[in-house]
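Step one of this worksheet: look at the structure below.
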Amino acid sequence: MAKAQNQSAPIQTTVFPILFAISIVHLLNDTMQSSVSALFPILKDSLQLSYTQIGMIALAMNVTASLIQPLVGYYADIRPRPYILPIGVCFTLVGVVGLALAPYYAIILFAVIAMGIGSAIFHPESSRVAYLAAGARRGLAQSIFQVGGNIGSALGPIMTAVVFVSIGQFGVIWLTFAAIIAIIIQFNVARWYSRQDIRPRPKAKTVTTGSSKAGLTPAQISWAIVILVFLVFTKHVYMSGITSYYTFFLIEDYGVTVSNAQWFLFAFLVASAAGTFIGGPLADRYGRRNIIWFSIFGTAPFSIMLPYANLFWSGVLCVCAGFVLSSAFSIIVVYAQELLPGKVGLISGLFFGLAFGIGGLGSAALGWVADATSISFIMKLVAYLPLLGILAILLPKDKKVLA
């Protein structure tokens with residue numbers, strides 16, 4: 001019965017080689033993506049950009065991904081397309097080349113839009129692969145998949161400190177090798193994916209009982225999805241504030257050099273990767289709802305103190321905030337997939353799309369506010385967002401979701 005309700009029936013054992021393969025591609029993909037924000041200090045000086053224009057670059061890439069990902073996920077649920085996986089990375093490759101060679105602001109926007117399309121294709125289908133390869137360990141599988149992306153994002157600041165400060169914008173061209181490696185791996189993942197039983201299945205006839213899952217009414221499921229969306233908003237606006245503007249905060253308020261500021265951001269992103277990896281297994285053991293609540297609301301003490309700390313403690317608090325906050329997202333995706341079984345691609349596309357879109361909109365809005373006020377004000381403003389994580393307590397308990 002359960003098998004008939006799912007369009008993609010997951011296999012029973014956890015296929016770690018496939019999970020590690022898509023995690024590596026996620027690392028390479030997000031390394032290329034992170035080159036955009038890593039270039040912000042370089043582009044601001046070389047092209048004389050305002051904070052608003054910096055925010056618009058992030059907006060162009062992320063909103064493109066946000067709008068396309070749910071569509072890719074929706075159609076993947078209807079008719080999975082394994083060999084779209086390497087095609088997505090090809091778009092990212094085009095964007096990387098364009099970003100390295102772009103002499104004008106407008107061309108940079110076109111390049112990051114191509115990278116946004118690449119991410120829009122990559123994330124929903126790769127998340128479906130993680131679901132298929134997970135077996136019974138869905139939290140762990142999503143964490144393995146997503147930690148690759150977190151590590152890739154963490155490499156952006158290192159590229160700025162080691163490569164972009166000395167070579168400049170053209171240094172991005174080296175990432176074409178990462179794109180080629182990712183394309184090769186994705187072809188092999190697509191072969192495995194195509195051999196799985198991923199054909200659309202006829203929907204089972206259901207008896208109307210007033211609920212679409214035992215213990216939860218359709219209204220309760222809808223309300224839970226709304227809460228999860230709001231929590232994604234809370235998390236990613238704060239994340240966009242840190243990833244886009246924390247380095248500027250360190251440069252302007254503490255007199256830190258561009259290179260040294262990138263190491264602080266690197267520490268935040270490495271801590272985020274560690275939090276992502278640990279969050280999945282913890283949720284498998286202690287419950288999805290508990291970890292989601294702890295992750296977002298538990299970030300508040302660190303985020304609120306961060307703008308007022310000295311340089312050393314700012315770094316410590318930033319690491320703590322990144323670690324705690326990032327343990328939530330993989331669990332939010334798994335929790336939503338279990339609320340709406342059979343909609344794995346749609347849920348993955350929706351939540352990854354929201355993450356990109358909210359991050360882009362948040363970056364653009366915060367850039368506009370920064371131009372009108374100051375970077376210091378931005379850090380103090382976003383610090384209170386994790387307090388909204390208290391809403392996770394309104395989510396249904398795991399036993400009702402899994403009933």
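Going through the structure tokens in order, the chains are called A, B, and so on, while each chain numbers its residues from 1 and the ligands are numbered from 1 in the order shown.
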
Subject >> Exercise: Ala261 in chain A partners within 8 Å, only C-alpha atoms, chain neighbours under 3 positions left out, as number ranges by chain >> reply: A: 247-248, 250-251, 256-258, 264-265

Determine, using only C-alpha atoms, which residues of range 99-181 of chain A have any atom at most 10 Å from an atom of range 332-346 of chain A, and tabulate each with its shortest atom pair and distance in Å to one decimal place, rows ordered by chain and then rising number, as a Markdown table.
| residue | atom | partner | partner_atom | distance |
| --- | --- | --- | --- | --- |
| A:His123 | CA | A:Gly345 | CA | 9.2 |
| A:Pro124 | CA | A:Gly345 | CA | 5.5 |
| A:Glu125 | CA | A:Gly345 | CA | 6.6 |
| A:Ser126 | CA | A:Gly345 | CA | 9.1 |
| A:Ser127 | CA | A:Gly345 | CA | 7.3 |
| A:Arg128 | CA | A:Gly345 | CA | 5.9 |
| A:Val129 | CA | A:Gly345 | CA | 9.6 |
| A:Tyr131 | CA | A:Val344 | CA | 7.7 |
| A:Leu132 | CA | A:Val344 | CA | 9.7 |
| A:Arg138 | CA | A:Val334 | CA | 6.8 |
| A:Gly139 | CA | A:Val334 | CA | 6.5 |
| A:Leu140 | CA | A:Val334 | CA | 9.9 |
| A:Ala141 | CA | A:Val334 | CA | 9.6 |
| A:Gln142 | CA | A:Val334 | CA | 7.4 |
| A:Ser143 | CA | A:Val334 | CA | 9.9 |

With C-alpha atoms retained, write the just-selected residues as a PDB file, in the first residue's frame.
ATOM      1  CA  HIS A 123      19.287  20.226  -6.355  1.00  0.00           C
ATOM      2  CA  PRO A 124      15.815  18.626  -6.784  1.00  0.00           C
ATOM      3  CA  GLU A 125      16.983  15.640  -8.826  1.00  0.00           C
ATOM      4  CA  SER A 126      20.051  15.093  -6.626  1.00  0.00           C
ATOM      5  CA  SER A 127      17.863  15.245  -3.531  1.00  0.00           C
ATOM      6  CA  ARG A 128      15.656  12.553  -5.105  1.00  0.00           C
ATOM      7  CA  VAL A 129      18.792  10.444  -5.612  1.00  0.00           C
ATOM      8  CA  TYR A 131      16.086   9.805  -1.018  1.00  0.00           C
ATOM      9  CA  LEU A 132      16.366   6.709  -3.219  1.00  0.00           C
ATOM     10  CA  ARG A 138      16.826   9.506   5.533  1.00  0.00           C
ATOM     11  CA  GLY A 139      18.180  12.048   7.993  1.00  0.00           C
ATOM     12  CA  LEU A 140      21.721  10.746   7.554  1.00  0.00           C
ATOM     13  CA  ALA A 141      21.335  10.583   3.752  1.00  0.00           C
ATOM     14  CA  GLN A 142      20.161  14.200   3.491  1.00  0.00           C
ATOM     15  CA  SER A 143      22.985  15.285   5.790  1.00  0.00           C
TER      16      SER A 143
END

**OP:** Just list the residues in range 75-261 of chain A DSSP gives helix (DSSP H, G or I) on the backbone, as a PyMOL selection string.
**Re:** chain A and resi 75-78+84-101+105-133+138-167+169-195+218-254+258-261

Subject >> Surrounding residues of Leu366 in chain A excluding itself and chain neighbours under 4 positions, 10 Å, only C-alpha atoms, as a ChimeraX atom specification >> reply: /A:51-52,55,237,240-241,244-245,360-362,370-372,374-375,377-379,381-382

Which residues come within 7 Å of Gly275 in chain A, counting only C-alpha atoms, excluding same-chain residues fewer than 5 positions away, as a PDB file with N, CA and C atoms, in the first residue's frame?
ATOM      1  N   PHE A 323      27.277  26.539  13.518  1.00  0.00           N
ATOM      2  CA  PHE A 323      27.140  25.122  13.847  1.00  0.00           C
ATOM      3  C   PHE A 323      25.711  24.782  14.253  1.00  0.00           C
ATOM      4  N   VAL A 324      25.140  25.563  15.161  1.00  0.00           N
ATOM      5  CA  VAL A 324      23.803  25.254  15.671  1.00  0.00           C
ATOM      6  C   VAL A 324      22.746  25.476  14.598  1.00  0.00           C
ATOM      7  N   SER A 326      22.849  25.459  11.303  1.00  0.00           N
ATOM      8  CA  SER A 326      22.863  24.647  10.086  1.00  0.00           C
ATOM      9  C   SER A 326      22.471  23.197  10.304  1.00  0.00           C
ATOM     10  N   SER A 327      22.241  22.805  11.533  1.00  0.00           N
ATOM     11  CA  SER A 327      21.796  21.431  11.769  1.00  0.00           C
ATOM     12  C   SER A 327      20.342  21.223  11.376  1.00  0.00           C
TER      13      SER A 327
END

Original post:
What's the 9 Å shell around Ile87 in chain A, counting only C-alpha atoms, without same-chain residues fewer than 6 positions away, as a VMD selection string?
Top reply: chain A and resid 118 121 to 122 183 186
